[in-house]
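Reading through the structure tokens given below for one structure.
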Amino acid sequence: MFPSLEFLYEIWVRKALSAAGHTVLIYDYLLTFDDEISYIWNAPWTVVKVLFLINRYGDLAGQTLIRLEEVGILTNNSQLFCQRFDIITTYFMILSSESIHILVLIRAWAIWGARRNTKNLLVGGYVSYVLILLGIASYGAHNDSSRLTPYSQF
């Protein structure tokens with residue numbers, strides 16, 4: 001059964017908006033690259049600097065892979081590919097958002113006086129949160145990926 005024209009149009013709109021968003025992301029990188037060289041690359045290496053760079057360039061690489069898959073450049077006609085790509089995408093989104101959360105926690109710890117008790121509370125709460133998040137995401141990705149079909153069927 002061939003999908004309706006309305007469904008195909010909605011997929012096209014989603015892909016177009018995704019491409020537009022990715023274009024804005026790359027444009028933002030280009031606009032801020034001079035400042036990044038001045039303020040980030042010339043600064044001493046710290047945990048915060050490493051987390052910032054991982055988030056900045058890891059996010060760009062991950063988003064680019066997702067866009068390449070959406071437009072059909074990075075594709076495979078197997079359900080196994082779709083399942084693995086879904087799981088990888090799920091973990092990428094978690095890692096991308098969690099690197100920012102860690103930066104916020106480091107900043108909160110510094111604002112609250114960098115005390116050991118505060119650090120232990122923040123780390124304990126964060127580790128509990130991440131374990132729950134990974135458990136739920138793994139369960140969801142594993143159960144949902146069994147129903148995926150390759151884009152090329154549409």
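Naming scheme: A, B, ... for chains in displayed order of the structure tokens; residues 1 onward per chain; ligands 1 onward as shown.
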- Write out as a ChimeraX atom specification which residues come within 12 Å of Val47 of chain A when counting only C-alpha atoms, dropping same-chain ones fewer than 4 positions away. /A:43,51-54,99,102-103,106-107
Cut-off 12 Å: closest segment 2-95 of chain A/segment 123-130 of chain A atom pairs per residue, using only C-alpha atoms, as CSV:
residue,atom,partner,partner_atom,distance
A:Tyr91,CA,A:Val130,CA,11.6
A:Ile94,CA,A:Val130,CA,9.1
A:Leu95,CA,A:Val130,CA,10.1
Would you save the residues from that selection as a CSV table (one decimal), in the first residue's frame, using N, CA and C atoms?
chain,number,residue,atom,x,y,z
A,91,TYR,N,20.6,7.8,22.3
A,91,TYR,CA,21.8,8.0,23.2
A,91,TYR,C,22.5,9.3,22.9
A,94,ILE,N,20.6,12.1,24.5
A,94,ILE,CA,20.8,12.1,25.9
A,94,ILE,C,22.2,12.7,26.2
A,95,LEU,N,23.2,12.3,25.6
A,95,LEU,CA,24.6,12.8,25.8
A,95,LEU,C,24.7,14.3,25.5
- Which of these residues is nearest to Val50 of chain A, using only C-alpha atoms: A:Asp28, A:Ile100, A:Ile66, A:Asp35?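 The answer is A:Ile100, which sits nearest to Val50 of chain A.
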- Message: I'd like the contact shell of Arg84 of chain A - 10 Å cut-off, only C-alpha atoms, skipping same-chain residues fewer than 5 positions apart - returned as a VMD selection string.
- Response: chain A and resid 79 89 to 90 141 to 142 145
Output file for the residues above (N, CA and C atoms, as an mmCIF file, in the first residue's frame):
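Listing of again.cif after writing:
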data_model
loop_
_atom_site.group_PDB
_atom_site.id
_atom_site.type_symbol
_atom_site.label_atom_id
_atom_site.label_comp_id
_atom_site.auth_asym_id
_atom_site.auth_seq_id
_atom_site.Cartn_x
_atom_site.Cartn_y
_atom_site.Cartn_z
ATOM 1 N N GLN A 79 15.900 -3.376 8.417
ATOM 2 C CA GLN A 79 15.283 -2.994 9.674
ATOM 3 C C GLN A 79 16.339 -2.904 10.776
ATOM 4 N N THR A 89 20.649 7.357 17.959
ATOM 5 C CA THR A 89 20.063 8.697 18.030
ATOM 6 C C THR A 89 19.548 8.994 19.433
ATOM 7 N N THR A 90 18.921 8.009 20.054
ATOM 8 C CA THR A 90 18.419 8.196 21.420
ATOM 9 C C THR A 90 19.562 8.531 22.375
ATOM 10 N N ALA A 141 13.729 2.728 23.597
ATOM 11 C CA ALA A 141 14.402 2.556 22.303
ATOM 12 C C ALA A 141 14.353 1.101 21.865
ATOM 13 N N HIS A 142 14.524 0.191 22.803
ATOM 14 C CA HIS A 142 14.501 -1.238 22.456
ATOM 15 C C HIS A 142 13.099 -1.662 22.014
ATOM 16 N N SER A 145 12.020 0.349 18.627
ATOM 17 C CA SER A 145 12.803 0.085 17.419
ATOM 18 C C SER A 145 12.360 -1.193 16.713
#
- Message: Please list as JSON, numbers by chain every residue within 9 Å of Arg67 of chain A, counting only C-alpha atoms and excluding residues in the same chain fewer than 5 positions away.
- Response: {"A": [15, 18, 19, 22, 62, 72, 73, 74]}
- Query: Which one is closest to Val13 of chain A: A:Trp41, A:Ala137, A:Leu121, A:Glu70? Count only C-alpha atoms.
  - Reply: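 Smallest distance to Val13 of chain A is found for A:Glu70.
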- Could you state the separation of atom CA of Leu122 of chain A and atom CA of Trp109 of chain A in Å, given to one decimal place? 7.7 Å
- Run DSSP on the backbone of this structure and report the residues of segment 3-148 of chain A it assigns to helix (DSSP H, G or I), as a PyMOL selection string. chain A and resi 5-41+47-70+79-111+116-145
For those residues, write C-alpha atoms to a file as a short mmCIF file (atom, residue, chain, number, x, y, z; two decimals), in the first residue's frame.
data_model
loop_
_atom_site.label_atom_id
_atom_site.label_comp_id
_atom_site.auth_asym_id
_atom_site.auth_seq_id
_atom_site.Cartn_x
_atom_site.Cartn_y
_atom_site.Cartn_z
CA LEU A 5 0.06 12.33 -0.83
CA GLU A 6 -0.75 14.23 2.36
CA PHE A 7 1.53 11.91 4.35
CA LEU A 8 4.35 12.33 1.81
CA TYR A 9 3.89 16.11 1.90
CA GLU A 10 4.12 16.10 5.71
CA ILE A 11 7.36 14.11 5.52
CA TRP A 12 8.72 16.61 2.99
CA VAL A 13 7.78 19.56 5.25
CA ARG A 14 9.48 17.88 8.22
CA LYS A 15 12.64 17.28 6.22
CA ALA A 16 12.63 20.86 4.90
CA LEU A 17 12.24 22.32 8.40
CA SER A 18 14.95 20.00 9.68
CA ALA A 19 17.31 21.15 6.92
CA ALA A 20 16.49 24.80 7.67
CA GLY A 21 17.24 24.29 11.37
CA HIS A 22 20.52 22.58 10.56
CA THR A 23 21.46 25.46 8.26
CA VAL A 24 20.86 27.93 11.11
CA LEU A 25 22.97 25.74 13.43
CA ILE A 26 25.92 25.79 11.00
CA TYR A 27 25.46 29.53 10.42
CA ASP A 28 25.63 30.08 14.20
CA TYR A 29 28.89 28.12 14.34
CA LEU A 30 30.35 30.29 11.60
CA LEU A 31 29.20 33.51 13.28
CA THR A 32 30.76 32.63 16.64
CA PHE A 33 33.91 30.84 15.47
CA ASP A 34 36.19 33.90 15.85
CA ASP A 35 35.01 34.44 19.42
CA GLU A 36 35.45 30.74 20.14
CA ILE A 37 39.08 30.88 19.02
CA SER A 38 39.71 34.00 21.13
CA TYR A 39 37.96 32.92 24.32
CA ILE A 40 37.89 29.12 24.32
CA TRP A 41 40.82 27.74 22.36
CA VAL A 47 36.80 20.25 32.59
CA VAL A 48 34.41 23.03 31.62
CA LYS A 49 36.33 23.73 28.40
CA VAL A 50 36.35 20.05 27.45
CA LEU A 51 32.61 19.71 28.15
CA PHE A 52 31.89 22.84 26.12
CA LEU A 53 33.88 21.57 23.13
CA ILE A 54 32.36 18.09 23.32
CA ASN A 55 28.91 19.62 23.37
CA ARG A 56 29.63 22.11 20.61
CA TYR A 57 31.27 19.76 18.12
CA GLY A 58 29.66 16.50 19.22
CA ASP A 59 26.24 18.07 18.75
CA LEU A 60 27.16 19.35 15.30
CA ALA A 61 28.49 15.94 14.24
CA GLY A 62 25.47 14.09 15.63
CA GLN A 63 22.97 16.50 14.09
CA THR A 64 24.76 16.20 10.74
CA LEU A 65 24.53 12.39 10.83
CA ILE A 66 20.82 12.61 11.63
CA ARG A 67 20.26 15.02 8.71
CA LEU A 68 22.23 12.75 6.35
CA GLU A 69 20.02 9.84 7.35
CA GLU A 70 16.85 11.90 6.95
CA GLN A 79 15.28 -2.99 9.67
CA LEU A 80 18.45 -3.69 11.68
CA PHE A 81 19.95 -0.40 10.42
CA CYS A 82 16.81 1.47 11.49
CA GLN A 83 16.84 -0.15 14.92
CA ARG A 84 20.50 0.63 15.51
CA PHE A 85 20.19 4.17 14.17
CA ASP A 86 17.20 4.76 16.47
CA ILE A 87 19.17 3.56 19.50
CA ILE A 88 22.24 5.62 18.54
CA THR A 89 20.06 8.70 18.03
CA THR A 90 18.42 8.20 21.42
CA TYR A 91 21.76 8.01 23.23
CA PHE A 92 23.17 10.92 21.21
CA MET A 93 20.29 13.15 22.31
CA ILE A 94 20.82 12.12 25.93
CA LEU A 95 24.58 12.79 25.80
CA SER A 96 24.03 16.10 24.05
CA SER A 97 21.63 17.40 26.67
CA GLU A 98 23.54 15.91 29.60
CA SER A 99 26.78 17.69 28.74
CA ILE A 100 24.90 20.96 29.21
CA HIS A 101 23.37 19.72 32.47
CA ILE A 102 26.83 18.91 33.80
CA LEU A 103 28.05 22.42 32.94
CA VAL A 104 25.08 23.89 34.84
CA LEU A 105 25.80 21.64 37.84
CA ILE A 106 29.46 22.71 37.89
CA ARG A 107 28.37 26.34 37.79
CA ALA A 108 25.82 25.82 40.58
CA TRP A 109 28.48 24.08 42.70
CA ALA A 110 30.86 27.02 42.18
CA ILE A 111 28.14 29.56 43.02
CA ARG A 116 32.24 19.06 49.39
CA ASN A 117 28.76 18.41 50.84
CA THR A 118 27.16 20.38 48.02
CA LYS A 119 29.23 18.50 45.45
CA ASN A 120 28.23 15.14 46.93
CA LEU A 121 24.55 16.10 46.89
CA LEU A 122 24.70 17.36 43.29
CA VAL A 123 26.66 14.33 42.05
CA GLY A 124 24.41 11.84 43.89
CA GLY A 125 21.24 13.44 42.58
CA TYR A 126 22.61 13.69 39.07
CA VAL A 127 23.84 10.08 38.93
CA SER A 128 20.43 8.87 40.15
CA TYR A 129 18.70 10.97 37.50
CA VAL A 130 20.99 9.70 34.70
CA LEU A 131 20.55 6.04 35.69
CA ILE A 132 16.77 6.41 35.64
CA LEU A 133 16.92 8.32 32.34
CA LEU A 134 19.14 5.71 30.68
CA GLY A 135 16.95 2.89 31.92
CA ILE A 136 13.77 4.47 30.56
CA ALA A 137 15.44 5.48 27.28
CA SER A 138 16.93 2.02 26.76
CA TYR A 139 13.60 0.37 27.43
CA GLY A 140 11.80 2.75 25.07
CA ALA A 141 14.40 2.56 22.30
CA HIS A 142 14.50 -1.24 22.46
CA ASN A 143 10.71 -1.64 22.40
CA ASP A 144 10.01 1.07 19.81
CA SER A 145 12.80 0.08 17.42
#
